[in-house]
Structure formats: structure tokens, C-alpha cells
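To be precise, the following lines are target.csv, and they hold CSV, C-alpha atoms.
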```csv
chain,number,residue,atom,x,y,z
A,10,MET,CA,120.0,110.3,60.4
A,11,SER,CA,121.0,113.9,61.0
A,12,GLY,CA,121.2,115.9,64.2
A,13,ARG,CA,121.9,114.8,67.8
A,14,THR,CA,118.5,113.2,68.5
A,15,LEU,CA,117.0,110.0,67.2
A,16,GLY,CA,113.8,111.7,66.2
A,17,THR,CA,110.2,111.0,67.3
A,18,ALA,CA,108.6,107.6,67.3
A,19,ALA,CA,106.3,108.6,64.6
A,20,SER,CA,109.2,109.6,62.2
A,21,ARG,CA,110.5,106.0,62.7
A,22,GLY,CA,107.1,104.5,61.9
A,23,LEU,CA,106.6,103.5,65.5
A,24,ILE,CA,103.6,103.8,67.8
A,25,ALA,CA,103.9,104.2,71.6
A,26,CYS,CA,100.9,102.7,73.4
A,27,HIS,CA,99.1,105.5,75.3
A,28,SER,CA,98.4,103.1,78.1
A,29,CYS,CA,101.5,101.1,78.8
A,30,GLY,CA,104.1,102.8,76.6
A,31,LYS,CA,105.1,99.8,74.6
A,32,LEU,CA,106.5,100.6,71.1
A,33,SER,CA,105.2,98.8,68.1
A,34,PRO,CA,105.6,99.2,64.3
A,35,LYS,CA,102.9,101.4,62.7
A,36,SER,CA,102.4,98.7,60.0
A,37,GLU,CA,101.2,96.2,62.7
A,38,LYS,CA,97.5,95.8,63.0
A,39,GLY,CA,95.4,95.4,66.1
A,40,PRO,CA,95.6,96.5,69.7
A,41,CYS,CA,98.7,96.8,71.9
A,42,THR,CA,100.0,93.2,72.5
A,43,ARG,CA,101.0,94.1,76.1
A,44,CYS,CA,97.9,95.8,77.5
A,45,GLY,CA,95.2,95.5,74.9
A,46,ALA,CA,94.6,99.2,74.4
A,47,ASP,CA,93.8,100.5,70.9
A,48,ARG,CA,96.9,101.8,69.2
A,49,HIS,CA,96.9,105.3,67.7
A,50,ALA,CA,99.9,107.4,66.5
A,51,ARG,CA,98.0,110.4,67.8
A,52,LYS,CA,94.7,110.7,69.7
A,53,PRO,CA,92.0,110.2,67.2
A,54,MET,CA,90.2,113.3,65.9
A,55,SER,CA,92.0,115.2,68.7
A,56,LEU,CA,91.5,118.8,67.3
A,57,GLN,CA,87.8,118.2,66.3
A,58,ARG,CA,86.8,116.7,69.6
A,59,THR,CA,88.6,119.2,71.7
A,60,TRP,CA,87.1,122.1,69.8
A,61,ALA,CA,83.6,120.7,70.2
A,62,LEU,CA,84.0,120.2,73.9
A,63,VAL,CA,85.6,123.6,74.5
A,64,ILE,CA,83.0,125.4,72.6
A,65,SER,CA,80.2,123.6,74.4
A,66,ALA,CA,81.8,124.3,77.7
A,67,ALA,CA,82.1,128.0,76.8
A,68,ILE,CA,78.4,128.2,75.9
A,69,LEU,CA,77.3,126.4,79.1
A,70,TYR,CA,79.5,128.7,81.2
A,71,ILE,CA,77.0,131.5,80.7
A,72,PRO,CA,74.0,129.8,82.4
A,73,ALA,CA,76.4,128.3,84.9
A,74,ASN,CA,77.2,131.7,86.2
A,75,THR,CA,73.9,133.5,85.7
A,76,PHE,CA,71.6,131.0,87.2
A,77,PRO,CA,71.7,130.7,91.0
A,78,VAL,CA,73.6,127.7,92.4
A,79,MET,CA,72.2,127.9,96.0
A,80,THR,CA,69.6,129.4,98.2
A,81,MET,CA,70.2,129.6,101.9
A,82,ILE,CA,67.1,130.2,104.1
A,83,ILE,CA,67.7,131.0,107.7
A,84,SER,CA,64.6,131.4,109.9
A,85,GLY,CA,62.5,132.2,106.8
A,86,LYS,CA,65.0,134.8,105.3
A,87,GLY,CA,67.2,134.1,102.4
A,88,GLU,CA,67.8,134.6,98.7
A,89,PRO,CA,69.2,132.6,95.9
A,90,HIS,CA,72.7,133.5,94.8
A,91,THR,CA,75.0,132.7,91.9
A,92,VAL,CA,78.6,131.4,92.2
A,93,ILE,CA,80.0,134.9,92.2
A,94,GLY,CA,77.3,136.1,94.4
A,95,GLY,CA,78.2,133.5,96.9
A,96,ALA,CA,81.8,134.6,96.8
A,97,ILE,CA,80.8,138.2,97.4
A,98,ILE,CA,78.8,137.1,100.5
A,99,LEU,CA,82.0,135.3,101.8
A,100,PHE,CA,83.9,138.5,101.3
A,101,GLU,CA,81.3,140.6,103.1
A,102,THR,CA,81.3,138.3,106.1
A,103,GLY,CA,85.1,138.6,106.3
A,104,SER,CA,86.1,135.2,105.0
A,105,TRP,CA,88.6,136.5,102.4
A,106,SER,CA,90.4,133.3,101.9
A,107,SER,CA,87.3,131.2,101.3
A,108,GLY,CA,86.0,133.9,98.9
A,109,LEU,CA,89.2,134.0,97.0
A,110,LEU,CA,89.2,130.2,96.8
A,111,VAL,CA,85.7,130.1,95.4
A,112,ILE,CA,86.6,132.8,92.8
A,113,PHE,CA,89.8,131.0,91.9
A,114,ALA,CA,88.2,127.6,91.6
A,115,SER,CA,84.9,128.6,90.0
A,116,VAL,CA,85.9,131.5,87.8
A,117,THR,CA,89.7,131.6,87.2
A,118,VAL,CA,90.2,127.9,86.6
A,119,PRO,CA,87.3,127.3,84.1
A,120,CYS,CA,88.2,130.5,82.2
A,121,PHE,CA,91.9,129.5,82.1
A,122,LYS,CA,91.0,126.0,80.9
A,123,ILE,CA,88.6,127.2,78.2
A,124,LEU,CA,90.8,130.0,76.9
A,125,GLY,CA,94.0,128.1,77.4
A,126,LEU,CA,92.8,125.1,75.3
A,127,MET,CA,91.5,127.5,72.7
A,128,TYR,CA,94.9,129.1,72.5
A,129,LEU,CA,96.6,125.7,72.2
A,130,LEU,CA,94.2,124.6,69.5
A,131,LEU,CA,94.8,127.8,67.5
A,132,SER,CA,98.5,127.5,67.9
A,133,VAL,CA,98.4,124.0,66.4
A,134,HIS,CA,96.1,125.1,63.6
A,135,PHE,CA,98.4,128.0,62.7
A,136,LYS,CA,101.4,125.8,63.0
A,137,SER,CA,103.0,128.0,65.5
A,138,LEU,CA,106.6,127.4,66.5
A,139,TRP,CA,106.4,129.6,69.6
A,140,ARG,CA,108.0,128.0,72.7
A,141,PRO,CA,106.7,124.4,72.4
A,142,ARG,CA,108.0,123.4,75.8
A,143,ASP,CA,106.1,126.2,77.5
A,144,ARG,CA,102.9,125.3,75.6
A,145,THR,CA,103.3,121.7,76.8
A,146,VAL,CA,103.7,122.9,80.4
A,147,MET,CA,100.6,125.0,79.9
A,148,TYR,CA,98.7,121.9,78.8
A,149,ARG,CA,100.0,120.0,81.8
A,150,VAL,CA,98.7,122.7,84.2
A,151,ILE,CA,95.3,122.7,82.4
A,152,GLU,CA,95.0,119.0,83.0
A,153,LEU,CA,96.0,119.1,86.6
A,154,VAL,CA,94.1,122.1,87.7
A,155,GLY,CA,90.7,121.3,86.1
A,156,ARG,CA,89.4,119.1,88.9
A,157,TRP,CA,89.5,122.0,91.4
A,158,SER,CA,86.5,123.6,89.8
A,159,MET,CA,84.5,120.9,91.4
A,160,ILE,CA,84.9,122.6,94.8
A,161,ASP,CA,81.8,124.6,94.4
A,162,MET,CA,79.8,121.6,93.5
A,163,PHE,CA,80.9,119.6,96.5
A,164,MET,CA,80.2,122.6,98.7
A,165,VAL,CA,76.6,123.0,97.4
A,166,SER,CA,76.0,119.2,97.9
A,167,ILE,CA,77.4,119.3,101.4
A,168,LEU,CA,75.4,122.4,102.4
A,169,ALA,CA,72.2,121.1,100.9
A,170,ALA,CA,72.5,117.9,102.8
A,171,LEU,CA,73.7,119.4,106.0
A,172,VAL,CA,71.4,122.3,106.4
A,173,ASN,CA,68.2,120.4,106.2
A,174,LEU,CA,66.2,121.5,109.2
A,175,GLY,CA,63.1,122.8,107.4
A,176,ALA,CA,61.8,126.2,108.4
A,177,LEU,CA,64.7,126.7,110.8
A,178,ALA,CA,67.5,126.4,108.3
A,179,LEU,CA,67.5,125.2,104.8
A,180,VAL,CA,69.8,125.2,101.8
A,181,GLU,CA,68.3,124.5,98.4
A,182,PRO,CA,70.5,123.7,95.4
A,183,GLY,CA,69.8,125.8,92.2
A,184,PRO,CA,69.8,125.0,88.5
A,185,GLY,CA,73.2,126.8,88.0
A,186,ALA,CA,74.8,123.9,89.8
A,187,THR,CA,74.0,121.4,87.1
A,188,TYR,CA,75.2,123.7,84.3
A,189,PHE,CA,78.4,124.3,86.3
A,190,ALA,CA,79.0,120.6,86.8
A,191,ALA,CA,78.5,120.2,83.0
A,192,VAL,CA,81.2,122.9,82.3
A,193,VAL,CA,83.6,121.1,84.6
A,194,ILE,CA,83.0,117.7,83.0
A,195,LEU,CA,83.3,119.1,79.5
A,196,THR,CA,86.5,120.9,80.2
A,197,MET,CA,88.0,117.7,81.8
A,198,PHE,CA,87.1,115.7,78.7
A,199,ALA,CA,88.4,118.5,76.4
A,200,ALA,CA,91.8,118.4,78.1
A,201,MET,CA,91.8,114.6,77.9
A,202,SER,CA,91.1,114.7,74.1
A,203,PHE,CA,93.8,117.2,73.2
A,204,ASP,CA,97.0,115.6,72.1
A,205,PRO,CA,100.1,117.7,73.1
A,206,ARG,CA,102.3,115.8,70.7
A,207,LEU,CA,100.6,117.8,67.9
A,208,ILE,CA,102.5,120.9,69.2
A,209,TRP,CA,105.7,119.1,68.6
A,210,ASP,CA,104.7,117.7,65.2
A,211,ASN,CA,104.7,121.2,63.8
A,212,MET,CA,108.3,121.7,65.1
A,213,GLU,CA,109.3,118.5,63.3
A,214,LYS,CA,108.0,119.7,59.9
A,215,LYS,CA,110.1,122.9,60.3
A,216,ASP,CA,113.3,120.8,60.5
A,217,GLY,CA,112.2,119.0,57.4
B,3,MET,CA,117.7,82.2,70.4
B,4,ALA,CA,117.3,82.5,74.2
B,5,ASP,CA,116.2,86.1,74.7
B,6,GLU,CA,116.1,85.7,78.4
B,7,GLN,CA,119.9,85.3,78.5
B,8,LEU,CA,121.0,87.9,76.0
B,9,ILE,CA,120.1,91.5,75.7
B,10,ALA,CA,121.1,94.1,73.1
B,11,CYS,CA,121.9,97.6,74.0
B,12,HIS,CA,119.2,99.7,72.6
B,13,GLU,CA,121.6,102.5,71.9
B,14,CYS,CA,124.6,100.8,70.4
B,15,ASP,CA,123.3,97.3,69.8
B,16,LEU,CA,126.1,95.5,71.6
B,17,LEU,CA,125.0,92.1,73.0
B,18,HIS,CA,125.3,91.4,76.7
B,19,LYS,CA,124.6,88.4,78.9
B,20,ARG,CA,121.8,89.0,81.3
B,21,LYS,CA,123.2,88.7,84.9
B,22,GLU,CA,121.6,89.0,88.3
B,23,ILE,CA,122.2,92.4,89.9
B,24,PRO,CA,121.5,93.6,93.5
B,25,VAL,CA,118.2,95.2,94.5
B,26,GLY,CA,118.1,98.8,93.5
B,27,GLY,CA,120.9,98.3,91.0
B,28,THR,CA,121.2,99.3,87.3
B,29,ALA,CA,122.8,97.4,84.5
B,30,ARG,CA,124.6,99.5,81.8
B,31,CYS,CA,126.0,98.8,78.4
B,32,SER,CA,129.8,98.1,78.7
B,33,ARG,CA,130.5,100.2,75.6
B,34,CYS,CA,128.2,103.2,75.8
B,35,GLY,CA,126.9,103.2,79.3
B,36,SER,CA,123.2,103.1,78.4
B,37,VAL,CA,120.8,101.5,80.9
B,38,LEU,CA,120.1,97.9,79.9
B,39,TYR,CA,117.8,96.9,82.7
B,40,LYS,CA,117.1,97.7,86.4
B,41,ARG,CA,116.1,95.8,89.5
B,42,PRO,CA,113.9,98.1,91.6
B,43,ALA,CA,113.2,97.6,95.3
B,44,ASP,CA,109.9,95.6,95.6
B,45,THR,CA,107.1,98.2,95.6
B,46,ILE,CA,104.3,95.7,95.2
B,47,ASP,CA,104.3,94.9,98.9
B,48,ALA,CA,104.1,98.5,99.9
B,49,ALA,CA,101.3,99.3,97.5
B,50,LEU,CA,99.4,96.2,98.6
B,51,ALA,CA,99.7,97.1,102.3
B,52,LEU,CA,98.5,100.7,101.5
B,53,ALA,CA,95.6,99.2,99.5
B,54,PHE,CA,94.5,97.2,102.6
B,55,THR,CA,94.6,100.4,104.7
B,56,SER,CA,92.7,102.2,102.1
B,57,ALA,CA,90.0,99.6,102.0
B,58,VAL,CA,89.5,99.8,105.8
B,59,LEU,CA,89.4,103.6,105.8
B,60,PHE,CA,87.0,103.6,102.8
B,61,VAL,CA,84.5,101.3,104.7
B,62,LEU,CA,84.8,103.4,107.8
B,63,ALA,CA,84.4,106.7,105.9
B,64,ASN,CA,81.1,105.5,104.5
B,65,ALA,CA,79.7,103.6,107.5
B,66,TYR,CA,80.2,106.2,110.2
B,67,PRO,CA,78.7,109.7,110.5
B,68,PHE,CA,80.6,112.3,108.5
B,69,MET,CA,79.4,115.6,109.9
B,70,PHE,CA,76.9,117.0,112.5
B,71,PHE,CA,75.0,120.3,112.0
B,72,LYS,CA,73.7,121.7,115.2
B,73,VAL,CA,71.4,124.8,115.5
B,74,ALA,CA,68.9,125.7,118.2
B,75,GLY,CA,69.0,122.4,119.8
B,76,ARG,CA,68.4,120.4,116.7
B,77,VAL,CA,71.0,118.1,115.1
B,78,GLU,CA,71.3,117.0,111.5
B,79,VAL,CA,73.5,113.9,111.0
B,80,ASN,CA,75.2,113.5,107.6
B,81,TYR,CA,77.0,110.6,106.1
B,82,LEU,CA,79.2,110.7,103.1
B,83,ILE,CA,76.4,109.7,100.8
B,84,THR,CA,73.7,111.9,102.2
B,85,GLY,CA,74.5,114.7,99.8
B,86,VAL,CA,73.8,112.4,96.9
B,87,PHE,CA,70.3,111.6,98.1
B,88,THR,CA,69.5,115.2,99.0
B,89,LEU,CA,70.4,116.4,95.5
B,90,THR,CA,68.3,113.6,94.0
B,91,ASP,CA,65.4,114.7,96.2
B,92,TYR,CA,65.7,118.2,94.9
B,93,GLY,CA,65.4,116.9,91.4
B,94,MET,CA,69.0,117.1,90.3
B,95,PRO,CA,70.1,113.5,89.7
B,96,PRO,CA,72.9,114.3,87.2
B,97,LEU,CA,74.7,116.5,89.7
B,98,ALA,CA,74.0,113.8,92.4
B,99,GLY,CA,75.5,111.2,90.1
B,100,LEU,CA,78.6,113.3,89.5
B,101,ILE,CA,79.2,113.8,93.3
B,102,LEU,CA,78.7,110.1,93.9
B,103,LEU,CA,81.2,109.3,91.2
B,104,CYS,CA,83.9,111.7,92.3
B,105,SER,CA,83.7,111.2,96.0
B,106,ILE,CA,82.6,107.6,96.5
B,107,LEU,CA,82.6,105.5,93.4
B,108,ALA,CA,85.9,106.5,91.9
B,109,PRO,CA,87.9,105.9,95.1
B,110,GLY,CA,86.1,102.7,95.8
B,111,ILE,CA,86.7,101.4,92.3
B,112,LYS,CA,90.4,102.4,92.5
B,113,ILE,CA,90.8,100.4,95.7
B,114,PHE,CA,89.0,97.4,94.3
B,115,LEU,CA,91.2,97.5,91.1
B,116,MET,CA,94.3,97.8,93.1
B,117,PHE,CA,93.5,94.6,94.9
B,118,TYR,CA,92.4,92.9,91.7
B,119,VAL,CA,95.7,93.7,90.0
B,120,LEU,CA,98.2,93.5,92.9
B,121,ILE,CA,97.1,90.3,94.5
B,122,PRO,CA,97.7,88.1,91.4
B,123,VAL,CA,100.9,90.0,90.6
B,124,LYS,CA,102.1,89.4,94.2
B,125,LEU,CA,101.2,85.7,94.0
B,126,GLY,CA,102.6,85.3,90.5
B,127,ARG,CA,99.3,84.0,89.1
B,128,LYS,CA,97.2,85.0,86.2
B,129,ALA,CA,93.7,86.4,86.6
B,130,PRO,CA,91.0,87.1,84.0
B,131,GLY,CA,91.0,90.6,82.5
B,132,LEU,CA,94.1,91.6,84.4
B,133,THR,CA,95.4,94.0,81.7
B,134,ARG,CA,92.0,95.6,81.3
B,135,ALA,CA,91.7,96.0,85.1
B,136,PHE,CA,95.1,97.8,85.3
B,137,ARG,CA,94.2,100.0,82.3
B,138,TRP,CA,90.9,101.0,84.0
B,139,LEU,CA,92.8,101.8,87.2
B,140,GLU,CA,94.8,104.4,85.2
B,141,THR,CA,91.6,105.8,83.6
B,142,THR,CA,89.8,106.1,86.9
B,143,GLY,CA,92.7,108.0,88.5
B,144,PRO,CA,91.7,111.6,87.8
B,145,TRP,CA,88.1,111.0,88.8
B,146,GLY,CA,88.8,110.4,92.5
B,147,MET,CA,88.6,113.9,94.0
B,148,ILE,CA,88.8,113.4,97.7
B,149,GLU,CA,91.1,116.4,98.3
B,150,VAL,CA,88.7,118.7,96.3
B,151,TYR,CA,85.8,117.3,98.4
B,152,MET,CA,87.7,118.2,101.6
B,153,MET,CA,88.2,121.8,100.4
B,154,GLY,CA,84.5,121.9,99.6
B,155,VAL,CA,83.8,120.9,103.2
B,156,VAL,CA,86.1,123.7,104.4
B,157,VAL,CA,84.3,126.3,102.3
B,158,ALA,CA,80.9,124.9,103.4
B,159,ILE,CA,81.9,125.3,107.1
B,160,VAL,CA,83.0,128.9,106.5
B,161,ASN,CA,79.5,129.6,105.0
B,162,LEU,CA,77.9,128.3,108.2
B,163,LEU,CA,80.2,129.8,110.9
B,164,ALA,CA,77.7,132.5,111.7
B,165,ILE,CA,74.6,130.4,112.2
B,166,ALA,CA,75.5,127.0,113.5
B,167,SER,CA,78.0,124.7,115.1
B,168,ILE,CA,79.6,121.9,113.1
B,169,GLU,CA,81.1,118.8,114.4
B,170,PHE,CA,83.1,116.2,112.6
B,171,GLY,CA,82.3,112.5,112.8
B,172,THR,CA,84.6,109.5,112.6
B,173,ALA,CA,84.0,109.2,108.9
B,174,PHE,CA,85.5,112.7,108.3
B,175,TYR,CA,88.8,111.8,109.7
B,176,CYS,CA,88.9,108.5,107.9
B,177,PHE,CA,88.1,110.2,104.6
B,178,VAL,CA,91.0,112.7,105.2
B,179,ALA,CA,93.4,109.8,106.0
B,180,LEU,CA,92.1,107.9,103.0
B,181,PHE,CA,93.3,110.7,100.7
B,182,PHE,CA,96.8,110.5,102.1
B,183,VAL,CA,97.0,106.7,102.0
B,184,MET,CA,95.6,106.5,98.5
B,185,SER,CA,98.1,109.1,97.3
B,186,ALA,CA,100.9,107.1,98.9
B,187,ALA,CA,99.7,103.9,97.3
B,188,GLY,CA,99.6,105.6,93.9
B,189,ALA,CA,103.2,106.8,94.4
B,190,LYS,CA,104.5,103.4,95.4
B,191,LEU,CA,102.9,101.7,92.4
B,192,ASP,CA,105.4,101.6,89.5
B,193,PRO,CA,103.3,101.0,86.4
B,194,HIS,CA,106.3,99.7,84.3
B,195,LEU,CA,106.9,97.1,87.0
B,196,VAL,CA,103.3,96.0,87.0
B,197,TRP,CA,103.1,95.8,83.2
B,198,GLU,CA,106.2,93.6,83.2
B,199,ARG,CA,104.7,91.3,85.7
B,200,ILE,CA,101.4,91.1,84.0
B,201,GLU,CA,102.8,90.4,80.5
```
Could you render the structure as C-alpha cells?
Amino acid sequence: MSGRTLGTAASRGLIACHSCGKLSPKSEKGPCTRCGADRHARKPMSLQRTWALVISAAILYIPANTFPVMTMIISGKGEPHTVIGGAIILFETGSWSSGLLVIFASVTVPCFKILGLMYLLLSVHFKSLWRPRDRTVMYRVIELVGRWSMIDMFMVSILAALVNLGALALVEPGPGATYFAAVVILTMFAAMSFDPRLIWDNMEKKDG
Amino acid sequence: MADEQLIACHECDLLHKRKEIPVGGTARCSRCGSVLYKRPADTIDAALALAFTSAVLFVLANAYPFMFFKVAGRVEVNYLITGVFTLTDYGMPPLAGLILLCSILAPGIKIFLMFYVLIPVKLGRKAPGLTRAFRWLETTGPWGMIEVYMMGVVVAIVNLLAIASIEFGTAFYCFVALFFVMSAAGAKLDPHLVWERIE
């Protein structure tokens, strides 16, 4: 054994259970003896699944933002608007913080997730050695921040249910909302299927 | 060999006799100082108490009115689940299902699983499917989005400021409290401790 560290579990032929953390020899068959979860050295087909989910999310992101998510009709007047259109309306009525929140949650976060995961995937494919720790932090942020894209979905559902007074005041949800929800779900699953240990596996190979 | 009484340092392999240590204490290898075992303050009680609080708040959050929308003398009363039905009526069941999952089902399932795991652990008994239940608890975690829902409420209200008055019902405050209590319960629950007790 060389160097100051003991090396990764994988280099010792050990598998750490993804659910309860218990270490077991790779040669052992069957699920984790402590918690019953399936044992894998790395998340199965991580790169393939993540690519599939990220690309699907990227494709659906287009209808999610071009189709309207909501129509607000007050006393017979009203027009459908998209996610970004809704944010603009918030800006126009002076609600800067809400408008920024919507832009952040519905535009910045999904783009960051999709592009960020694509970058991480490419960095693993090209065996990049660039700042593994920072890339892992980036992955952590992607995982944590994803759920906040749901803000717009909750808002549409609340408004549609609340503003339900017929001709007087009415909010109708639009098709864009379903596409948008799909993008959120796909990016959540994509982040879950990416295995950050792959970043470090490439570092290991460099040390030989 | 009685493994309960002997423990080997996982860093230098020296054998030690397992002794009782005070609560909150740590046992270290006499040769290399590595941690052999710990005795944490009992977190099961705290997590269980918070689980009870969560259950009460959850029931209240669903049973009482959530928000009132008032305009021109008419009032629309909404419950937590109203949005789900409305979206279904508009012909968008997948979105309705997602909202249902993230705002009601996931928190509810988490609370139920907390009881299912913590009560047998506290009583020192075995229960069927305990390991699977605790695993599902970890999986369900990210799907409870109460705090995101709350921000959705905030943005919804801002959208309506010009045209109507909004009032909060009992359920709203219970839902907000539920988020804080569930976060605390999650923080108190040490997974390693639970896995040890389940094993």
C-alpha cells in the first residue's frame, strides 16, 4: 500500500451499501445483509440513464416554456401566459422579488441542472482530472436545488383552485404546466441516477 | 469468540475489551486513538415525539380550510387537496398526481414510516418489513416539498394582490408548522443508530 490514504472501497474489493453504508466484499452475492438493498459498486448504468433523462428533459424544456402555463380571467378579460410571461407580468406590477423568484426557480434552476449534469457527464466521459472536489460540490448543489423548480407548478395549482369564481374571476391551467412538471421530474431522476464516485474513479486511474 | 466483548481497532487492529461508557462519550483505541465505538444521547425519543406532533399537524393541515379567496362579496374556500381536484377537472391528472404526491402523500407517508420504524425500535421489538420501511423512508425524503409549496403560496398571493383579498385558514399555519417539525424530526433521527437497532 502506497501513499497516505487507504484507497477507495472499490480498490479493496469492497462494496458500501448505498442505503445503510455497510461494507461487504465484492465477491459476496446477494443483497446487503443489514438492510436488504441491492448491492452495486457503482450505480447501475449511471451514465446511460443520466444521459437519457437529461436529453429528454432538455427536449421537453422547449414546450414547457413555449406553451402557456396559466390563463387568468378577471371580469371577462385575460390572456394565457407562459412561465416567463408570468414573470414579466409580476415585474410590470412591481413585484420584483416574486418575479425574480419565478425566473430563478423556473428558468435558472432547470437550465443549471440540465447543463450542469451534461458538463459532469462529459467530464467523466473525457476522464477529466479538473477539480474533482468542486465537481462533486456542483453535483450536490444540483441535487439540492432541483426541487425548487416545482414552485411554479404549486403556484398554478393553488391559483387554479383558489380563483374559481366563474365569470367573475377564473384561473385556468395550461398545457405548459404538464410539460414543465415533466422537466422537473426528469431532472430529479437524472440527478439521482448520476454516480459522483465516477468523478473520483478517473482520479484513481491517474495514480495508477 | 465472544464478539460482543472484544473489539478490534479498525485502524491498527489492536484488540480491546468492550466497556460501558457515559452517554455522549467516545471510546478510542489505546494505541492509535482511532474511534472504536460511541454512545450517543438517545435521539429516538426526540424523533418519536416530533413524529407525534407531525401526525397531529398533518391531520389538521388537511382537515381544516387552507385559504380563503374573497372578491366582490363572494368567497372561495380551499383545502390543501382542492388544487388536486381542480387540476383533474381541467383534464390534467398527471400534474394533479404530482402535486398530490409532493404536498400530501410524501409527507404523510414519511410520518407513517417514522412511526412504523421508531415505535418497534423504541420498544426493542421486531416488526415485519422494518428494514424495507426504513429504506423507503430515506427514498421518500426528497419528495416531500412542503417548503416549496409554501413559496408557491407566496407567489400566488402576490399574483392576486391587485384583485382580491386572501385569508389564511387554520390549515395554512399547521402546514407551515409541519414543515419545521418534520425538518427537526429528520435532524434528530440518526440513521446509523436506527440501523444498529434494527439489525
Polymer residues at most 7 Å from stretch 182-196 of chain A, all atoms listed in the file, same-chain spacing of 6 or more positions, as a VMD selection string = (chain A and resid 62 to 63 66 69 to 70 72 to 74 76 to 80 122 to 123 158 to 159 162 165 169) or (chain B and resid 97)
For each of B:Glu140, B:Glu198, B:Glu149, B:Glu78, take the minimum atom-to-atom distance to A:Leu168, counting only C-alpha atoms, then give the residue where this is smallest.
->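 Between B:Glu140, B:Glu198, B:Glu149, B:Glu78, the residue approaching A:Leu168 most closely is B:Glu78.
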Considering only C-alpha atoms, extract the chain B residues located within 9 Å of chain A and return them as a PyMOL selection string.
-> chain B and resi 69-71+73-74+76-80+82+84-89+92+94+96-98+100-101+105+132-134+136-137+140+144-145+147+150-162+164-165+193-194+197-198+200-201
Only C-alpha atoms, please: the residues just picked out, written as a compact mmCIF listing (two decimals), in the frame of the given file.
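Below is the file that was written, again_4.txt:
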```txt
# COMPACT_ATOMS: atom_id res chain seq x y z
CA MET B 69 79.40 115.60 109.90
CA PHE B 70 76.90 117.00 112.50
CA PHE B 71 75.00 120.30 112.00
CA VAL B 73 71.40 124.80 115.50
CA ALA B 74 68.90 125.70 118.20
CA ARG B 76 68.40 120.40 116.70
CA VAL B 77 71.00 118.10 115.10
CA GLU B 78 71.30 117.00 111.50
CA VAL B 79 73.50 113.90 111.00
CA ASN B 80 75.20 113.50 107.60
CA LEU B 82 79.20 110.70 103.10
CA THR B 84 73.70 111.90 102.20
CA GLY B 85 74.50 114.70 99.80
CA VAL B 86 73.80 112.40 96.90
CA PHE B 87 70.30 111.60 98.10
CA THR B 88 69.50 115.20 99.00
CA LEU B 89 70.40 116.40 95.50
CA TYR B 92 65.70 118.20 94.90
CA MET B 94 69.00 117.10 90.30
CA PRO B 96 72.90 114.30 87.20
CA LEU B 97 74.70 116.50 89.70
CA ALA B 98 74.00 113.80 92.40
CA LEU B 100 78.60 113.30 89.50
CA ILE B 101 79.20 113.80 93.30
CA SER B 105 83.70 111.20 96.00
CA LEU B 132 94.10 91.60 84.40
CA THR B 133 95.40 94.00 81.70
CA ARG B 134 92.00 95.60 81.30
CA PHE B 136 95.10 97.80 85.30
CA ARG B 137 94.20 100.00 82.30
CA GLU B 140 94.80 104.40 85.20
CA PRO B 144 91.70 111.60 87.80
CA TRP B 145 88.10 111.00 88.80
CA MET B 147 88.60 113.90 94.00
CA VAL B 150 88.70 118.70 96.30
CA TYR B 151 85.80 117.30 98.40
CA MET B 152 87.70 118.20 101.60
CA MET B 153 88.20 121.80 100.40
CA GLY B 154 84.50 121.90 99.60
CA VAL B 155 83.80 120.90 103.20
CA VAL B 156 86.10 123.70 104.40
CA VAL B 157 84.30 126.30 102.30
CA ALA B 158 80.90 124.90 103.40
CA ILE B 159 81.90 125.30 107.10
CA VAL B 160 83.00 128.90 106.50
CA ASN B 161 79.50 129.60 105.00
CA LEU B 162 77.90 128.30 108.20
CA ALA B 164 77.70 132.50 111.70
CA ILE B 165 74.60 130.40 112.20
CA PRO B 193 103.30 101.00 86.40
CA HIS B 194 106.30 99.70 84.30
CA TRP B 197 103.10 95.80 83.20
CA GLU B 198 106.20 93.60 83.20
CA ILE B 200 101.40 91.10 84.00
CA GLU B 201 102.80 90.40 80.50
```
Which neighbours of B:Ala49 fall inside 10 Å, counting only C-alpha atoms, when residues of the same chain fewer than 6 positions from it are skipped, and could you give them as a list of chain:residue names?
-> B:Thr55, B:Met116, B:Phe117, B:Leu120, B:Val183, B:Met184, B:Ala186, B:Ala187, B:Gly188, B:Ala189, B:Lys190, B:Leu191, B:Asp192
Figure out the distance between atom CA of A:Ser55 and atom CA of A:Phe203, please, to one decimal in Å.
-> 5.2 Å
